[in-house]
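To keep things clear, I will list the structure first and then write my remarks on it.
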Amino acid sequence: MREGGAVRCAIYVRLSREDEEKHHSESESIQNQKSLLIAWAVERGWDIYRIYCDEDRSGADSLRPDFNRMIEAAREGKFQVILCKSQSRFTRDMELVEKYIHGLFPLWGIRFIAVADNADTAVRGNKKARQINGLVNEWYLEDLSENIRMVFDMKRRQGQYIGSSALYGYRKDPDDKNRLLVDPEAAAVVEQIFRWAREGMGSRTIAQRLNALGVLSPARYKARRGWGGGEGGAGWSKTAVWRILRNEMYTGTMVQGRSCRVSYKSKATAAVPREKWFRVEGTHPPIVDRETFLAVQRRLELPEGRSGPGQVHPLAGLVRCMDCGGAMTRTSNGRGDGKAVYYLRCRRSVGSGAEKKCSRHSVRLSDLLALVEERLRIHLARCCPPELMARAFPAGERLSRDLLTALIDRVEVGERSGETGEQAVRIFWRF
């Protein structure tokens with residue numbers, strides 16, 4: 001680089017996957033862009049500060065690594081000109097056009113030139129042309145996004161897998177990236193998780209056991225197989241186990257489209273109603289049979305789970321969240337010394353992002369049971385003679401779990417049939 005008054009310019013080149021698929025020639029290639037812009041700068045005697053390059057990056061992506069390095073260097077005054085082949089190489093987002101080209105660049109003393117578009121911020125009257133280019137580029141981006149969505153939806157309807165990586169327990173068919181094959185090593189872990197869950201083991205306990213056995217978590221397993229970057233995060237968590245137990249895809253049914261982008265310009269997602277999911281049966285080999293899957297789902301629906309073989313908690317299926325109406329599920333403080341404290345929390349508050357549909361709140365299960373017992377006594381006392389209540393509910397004695405379950409069932413029957421509290425007590429205790 002020459003010192004003195006020579007103009008210093010930064011060259012920016014970009015190519016996305018869509019550009020590669022659209023342009024069969026080399027006219028839009030990275031090398032072509034570089035050659036054109038280097039020659040253009042040399043003809044004018046400009047010094048090239050640096051060539052910034054982003055490959056496989058969309059023009060709407062504001063998180064492009066080299067793009068942001070160039071912006072930071074421009075902010076620091078490292079050069080005076082940014083040179084691109086076209087304005088669409090710089091960005092296809094009209095907001096970024098206004099923010100940088102028409103907003104910050106003039107303040108920083110940066111001249112923007114797009115050679116193929118004849119766009120130059122140093123030319124008076126050129127702004128309208130740049131704005132029109134920005135609108136055209138954004139319309140192109142919107143149309144491209146809609147076309148991609150339509151193609152993906154068609155593949156979803158046909159039961160083709162469109163995920164970037166295979167679901168844990170499976171691998172992609174090397175001859176057909178839209179088809180899943182069983183990955184024996186991970187599939188064995190999935191089978192064991194469902195087996196433990198069907199036997200009554202909770203998600204937290206399953207996660208603890210997997211970690212104790214040294215079983216790699218899904219993220220770590222994929223990293224070891226070269227299917228993902230980095231170390232693959234932490235070990236097993238109860239959330240990871242719960243997601244596996246809830247995923248119908250392990251029965252051989254393809255389920256996709258559970259969330260969607262809120263906008264083609266944003267990576268934020270929103271949950272899609274269940275009735276609008278794409279669900280196709282028999283698209284890939286099952287890891288668990290449907291009977292096992294349904295049995296586990298029935299158990300997961302119980303707020304407190306089972307306290308022992310054949311024992312269902314008296315509040316199973318009855319407790320709902322006051323905020324969203326969702327089912328409440330049991331969790332604990334995690335103590336394994338027989339002193340665990342159990343709580344109920346809204347199932348929809350579990351997870352992150354689009355999966356989390358309710359705020360985090362809970363109620364201690366023992367307190368809730370005591371309140372239910374108290375309300376049952378009040379409910380029945382309204383129409384039961386005192387002597388009958390004294391015989392049925394001796395003072396100072398807590399109701400057994402079986403008795404509490406039977407009373408709740410009896411009250412539900414009474415509300416439907418018009419049975420009085422006295423009749424309910426006399427029928428149950430045979431007084």
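Going through the structure tokens in order, the chains are called A, B, and so on, while each chain numbers its residues from 1 and the ligands are numbered from 1 in the order shown.
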
Inset, instruction - Give me the residues within 7 Å of Phe79 in chain A as a count of residues only, counting only C-alpha atoms and dropping any in the same chain fewer than 4 places off. - result: 5

Inset, instruction - Using only C-alpha atoms, pick whichever of A:Ala41, A:Leu104, A:Val363, A:Met328 has the shortest atom-to-atom distance to Arg348 in chain A. - result: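 When distances to Arg348 in chain A are compared using only C-alpha atoms, the smallest one comes from A:Met328.
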
Inset, instruction - Using DSSP on the backbone, list every residue of range 51-180 of chain A that comes out as strand (DSSP E or B), and give them as a VMD selection string. - result: chain A and resid 51 to 55 81 to 84 111 to 114 119 to 120 170 to 173 176 to 180

Dump as an mmCIF file, in the first residue's frame, selection limited to N, CA, C and O atoms:
```
data_model
loop_
_atom_site.group_PDB
_atom_site.id
_atom_site.type_symbol
_atom_site.label_atom_id
_atom_site.label_comp_id
_atom_site.auth_asym_id
_atom_site.auth_seq_id
_atom_site.Cartn_x
_atom_site.Cartn_y
_atom_site.Cartn_z
ATOM 1 N N ILE A 51 -9.540 -7.192 0.824
ATOM 2 C CA ILE A 51 -10.681 -7.803 0.136
ATOM 3 C C ILE A 51 -11.485 -8.588 1.177
ATOM 4 O O ILE A 51 -10.960 -9.503 1.811
ATOM 5 N N TYR A 52 -12.722 -8.214 1.353
ATOM 6 C CA TYR A 52 -13.622 -8.890 2.295
ATOM 7 C C TYR A 52 -14.525 -9.843 1.509
ATOM 8 O O TYR A 52 -15.066 -9.472 0.455
ATOM 9 N N CYS A 53 -14.673 -11.049 2.023
ATOM 10 C CA CYS A 53 -15.388 -12.085 1.261
ATOM 11 C C CYS A 53 -16.293 -12.910 2.180
ATOM 12 O O CYS A 53 -15.845 -13.427 3.207
ATOM 13 N N ASP A 54 -17.571 -13.033 1.815
ATOM 14 C CA ASP A 54 -18.526 -13.901 2.520
ATOM 15 C C ASP A 54 -19.113 -14.882 1.519
ATOM 16 O O ASP A 54 -19.804 -14.478 0.580
ATOM 17 N N GLU A 55 -18.819 -16.162 1.706
ATOM 18 C CA GLU A 55 -19.370 -17.197 0.832
ATOM 19 C C GLU A 55 -20.530 -17.908 1.511
ATOM 20 O O GLU A 55 -20.539 -18.086 2.728
ATOM 21 N N VAL A 81 -13.295 4.171 0.402
ATOM 22 C CA VAL A 81 -14.241 3.670 -0.604
ATOM 23 C C VAL A 81 -14.551 2.197 -0.344
ATOM 24 O O VAL A 81 -13.650 1.425 0.010
ATOM 25 N N ILE A 82 -15.815 1.853 -0.507
ATOM 26 C CA ILE A 82 -16.225 0.443 -0.534
ATOM 27 C C ILE A 82 -16.650 0.128 -1.958
ATOM 28 O O ILE A 82 -17.513 0.805 -2.523
ATOM 29 N N LEU A 83 -16.039 -0.908 -2.506
ATOM 30 C CA LEU A 83 -16.242 -1.262 -3.910
ATOM 31 C C LEU A 83 -16.900 -2.642 -4.004
ATOM 32 O O LEU A 83 -16.382 -3.628 -3.463
ATOM 33 N N CYS A 84 -18.076 -2.725 -4.666
ATOM 34 C CA CYS A 84 -18.795 -3.992 -4.884
ATOM 35 C C CYS A 84 -19.127 -4.133 -6.362
ATOM 36 O O CYS A 84 -19.189 -3.135 -7.095
ATOM 37 N N ARG A 111 -17.287 6.460 0.600
ATOM 38 C CA ARG A 111 -17.929 6.480 -0.717
ATOM 39 C C ARG A 111 -18.268 5.050 -1.110
ATOM 40 O O ARG A 111 -17.419 4.156 -1.032
ATOM 41 N N PHE A 112 -19.509 4.819 -1.525
ATOM 42 C CA PHE A 112 -19.937 3.470 -1.926
ATOM 43 C C PHE A 112 -20.113 3.426 -3.442
ATOM 44 O O PHE A 112 -20.788 4.285 -4.023
ATOM 45 N N ILE A 113 -19.509 2.393 -4.065
ATOM 46 C CA ILE A 113 -19.602 2.220 -5.514
ATOM 47 C C ILE A 113 -20.008 0.778 -5.832
ATOM 48 O O ILE A 113 -19.390 -0.172 -5.338
ATOM 49 N N ALA A 114 -21.043 0.653 -6.647
ATOM 50 C CA ALA A 114 -21.448 -0.654 -7.189
ATOM 51 C C ALA A 114 -21.245 -0.572 -8.695
ATOM 52 O O ALA A 114 -22.003 0.119 -9.398
ATOM 53 N N ALA A 119 -23.889 2.621 -9.488
ATOM 54 C CA ALA A 119 -24.282 3.276 -8.243
ATOM 55 C C ALA A 119 -23.046 3.864 -7.591
ATOM 56 O O ALA A 119 -22.057 3.165 -7.368
ATOM 57 N N ASP A 120 -23.097 5.178 -7.315
ATOM 58 C CA ASP A 120 -21.941 5.861 -6.744
ATOM 59 C C ASP A 120 -22.459 7.003 -5.881
ATOM 60 O O ASP A 120 -23.126 7.915 -6.371
ATOM 61 N N TYR A 170 -30.951 -41.391 14.189
ATOM 62 C CA TYR A 170 -30.973 -41.635 12.749
ATOM 63 C C TYR A 170 -29.754 -40.998 12.092
ATOM 64 O O TYR A 170 -29.038 -40.204 12.703
ATOM 65 N N ARG A 171 -29.555 -41.346 10.823
ATOM 66 C CA ARG A 171 -28.546 -40.696 9.990
ATOM 67 C C ARG A 171 -29.157 -40.498 8.617
ATOM 68 O O ARG A 171 -30.136 -41.170 8.254
ATOM 69 N N LYS A 172 -28.618 -39.575 7.855
ATOM 70 C CA LYS A 172 -29.140 -39.343 6.515
ATOM 71 C C LYS A 172 -28.644 -40.409 5.546
ATOM 72 O O LYS A 172 -27.488 -40.835 5.616
ATOM 73 N N ASP A 173 -29.525 -40.830 4.663
ATOM 74 C CA ASP A 173 -29.157 -41.783 3.622
ATOM 75 C C ASP A 173 -28.135 -41.113 2.699
ATOM 76 O O ASP A 173 -28.412 -40.052 2.142
ATOM 77 N N ASP A 176 -29.643 -40.366 -0.579
ATOM 78 C CA ASP A 176 -30.846 -39.527 -0.609
ATOM 79 C C ASP A 176 -30.894 -38.727 0.687
ATOM 80 O O ASP A 176 -31.311 -39.239 1.728
ATOM 81 N N LYS A 177 -30.470 -37.479 0.647
ATOM 82 C CA LYS A 177 -30.368 -36.658 1.862
ATOM 83 C C LYS A 177 -31.722 -36.366 2.498
ATOM 84 O O LYS A 177 -31.778 -35.890 3.641
ATOM 85 N N ASN A 178 -32.814 -36.628 1.781
ATOM 86 C CA ASN A 178 -34.153 -36.398 2.330
ATOM 87 C C ASN A 178 -34.754 -37.653 2.949
ATOM 88 O O ASN A 178 -35.947 -37.674 3.286
ATOM 89 N N ARG A 179 -33.939 -38.690 3.134
ATOM 90 C CA ARG A 179 -34.420 -39.942 3.705
ATOM 91 C C ARG A 179 -33.584 -40.297 4.934
ATOM 92 O O ARG A 179 -32.374 -40.103 4.947
ATOM 93 N N LEU A 180 -34.249 -40.822 5.975
ATOM 94 C CA LEU A 180 -33.579 -41.171 7.221
ATOM 95 C C LEU A 180 -33.348 -42.670 7.328
ATOM 96 O O LEU A 180 -34.229 -43.465 6.974
#
```

Inset, instruction - For Asn333 in chain A, list every protein, DNA or RNA residue within 9 Å, evaluated using only C-alpha atoms, and leave out those in the same chain fewer than 6 positions away; present the list as a ChimeraX atom specification. - result: /A:340-343

Determine, counting only C-alpha atoms, which protein, DNA and RNA residues have an atom within 7 Å of an atom of range 195-207 of chain A; residues of the same chain fewer than 4 positions away are not included. Present the result as a compact mmCIF listing (two decimals) with all heavy atoms, in the first residue's frame.
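Result file is around.txt:
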```
# COMPACT_ATOMS: atom_id res chain seq x y z
N GLU A 191 -34.03 -46.38 22.38
CA GLU A 191 -34.85 -47.51 22.85
C GLU A 191 -34.79 -47.64 24.37
O GLU A 191 -35.80 -47.89 25.02
CB GLU A 191 -34.37 -48.80 22.18
CG GLU A 191 -34.70 -48.92 20.71
CD GLU A 191 -34.25 -50.25 20.15
OE1 GLU A 191 -33.09 -50.35 19.72
OE2 GLU A 191 -35.07 -51.20 20.14
N ASN A 211 -25.91 -39.96 32.09
CA ASN A 211 -24.65 -39.27 32.38
C ASN A 211 -23.73 -40.15 33.22
O ASN A 211 -22.52 -40.17 33.00
CB ASN A 211 -24.93 -37.94 33.09
CG ASN A 211 -25.51 -36.89 32.16
OD1 ASN A 211 -25.16 -36.84 30.99
ND2 ASN A 211 -26.39 -36.05 32.69
N TRP A 236 -26.41 -34.94 29.22
CA TRP A 236 -27.85 -35.15 29.13
C TRP A 236 -28.57 -34.27 30.15
O TRP A 236 -28.11 -34.10 31.27
CB TRP A 236 -28.19 -36.61 29.39
CG TRP A 236 -27.87 -37.51 28.25
CD1 TRP A 236 -26.70 -38.19 28.05
CD2 TRP A 236 -28.72 -37.83 27.14
NE1 TRP A 236 -26.77 -38.91 26.89
CE2 TRP A 236 -27.99 -38.71 26.31
CE3 TRP A 236 -30.01 -37.46 26.78
CZ2 TRP A 236 -28.53 -39.23 25.14
CZ3 TRP A 236 -30.55 -37.96 25.61
CH2 TRP A 236 -29.82 -38.83 24.80
N SER A 237 -29.72 -33.74 29.76
CA SER A 237 -30.59 -32.99 30.66
C SER A 237 -31.97 -33.61 30.59
O SER A 237 -32.30 -34.33 29.64
CB SER A 237 -30.66 -31.52 30.24
OG SER A 237 -31.31 -31.39 28.98
N LYS A 238 -32.81 -33.30 31.59
CA LYS A 238 -34.17 -33.85 31.57
C LYS A 238 -34.96 -33.30 30.38
O LYS A 238 -35.85 -33.99 29.85
CB LYS A 238 -34.89 -33.54 32.89
CG LYS A 238 -35.12 -32.08 33.18
CD LYS A 238 -35.88 -31.93 34.48
CE LYS A 238 -36.18 -30.45 34.78
NZ LYS A 238 -36.92 -30.29 36.04
N VAL A 241 -34.13 -35.43 27.34
CA VAL A 241 -34.83 -36.72 27.44
C VAL A 241 -36.31 -36.54 27.13
O VAL A 241 -36.90 -37.33 26.39
CB VAL A 241 -34.66 -37.32 28.85
CG1 VAL A 241 -35.54 -38.55 29.03
CG2 VAL A 241 -33.19 -37.67 29.09
N TRP A 242 -36.91 -35.49 27.68
CA TRP A 242 -38.33 -35.23 27.47
C TRP A 242 -38.64 -35.03 25.99
O TRP A 242 -39.65 -35.51 25.48
CB TRP A 242 -38.75 -34.01 28.29
CG TRP A 242 -40.23 -33.75 28.29
CD1 TRP A 242 -41.17 -34.30 29.10
CD2 TRP A 242 -40.93 -32.85 27.43
NE1 TRP A 242 -42.41 -33.80 28.80
CE2 TRP A 242 -42.30 -32.90 27.77
CE3 TRP A 242 -40.53 -32.00 26.40
CZ2 TRP A 242 -43.26 -32.15 27.12
CZ3 TRP A 242 -41.51 -31.24 25.75
CH2 TRP A 242 -42.84 -31.32 26.12
N ALA A 295 -47.96 -45.56 25.21
CA ALA A 295 -47.93 -45.85 26.65
C ALA A 295 -47.11 -44.79 27.38
O ALA A 295 -47.49 -44.32 28.46
CB ALA A 295 -47.37 -47.23 26.90
N VAL A 296 -45.99 -44.39 26.79
CA VAL A 296 -45.15 -43.36 27.40
C VAL A 296 -45.87 -42.01 27.39
O VAL A 296 -45.79 -41.25 28.36
CB VAL A 296 -43.80 -43.27 26.68
CG1 VAL A 296 -43.02 -42.04 27.13
CG2 VAL A 296 -42.98 -44.53 26.93
N ARG A 306 -46.70 -41.72 38.30
CA ARG A 306 -47.13 -42.84 39.14
C ARG A 306 -46.24 -42.94 40.36
O ARG A 306 -45.03 -42.84 40.27
CB ARG A 306 -47.09 -44.14 38.34
CG ARG A 306 -48.04 -44.13 37.16
CD ARG A 306 -48.06 -45.47 36.45
NE ARG A 306 -48.95 -45.45 35.31
CZ ARG A 306 -50.24 -45.68 35.38
NH1 ARG A 306 -50.80 -45.93 36.54
NH2 ARG A 306 -51.00 -45.66 34.32
```

Legend entry - Top pick for closest residue to Val13 in chain A, considering A:Ser88, A:Thr292, A:Gln80, A:Gln208 and counting only C-alpha atoms: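 Closest to Val13 in chain A, using only C-alpha atoms: A:Ser88.
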
Inset, instruction - Determine, counting only C-alpha atoms, which protein, DNA and RNA residues have an atom within 7 Å of an atom of Pro285 in chain A; residues of the same chain fewer than 4 positions away are not included. Present the result as a list in words. - result: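 These residues fall inside the cut-off: Leu181, Val182 and Gly252 of chain A.
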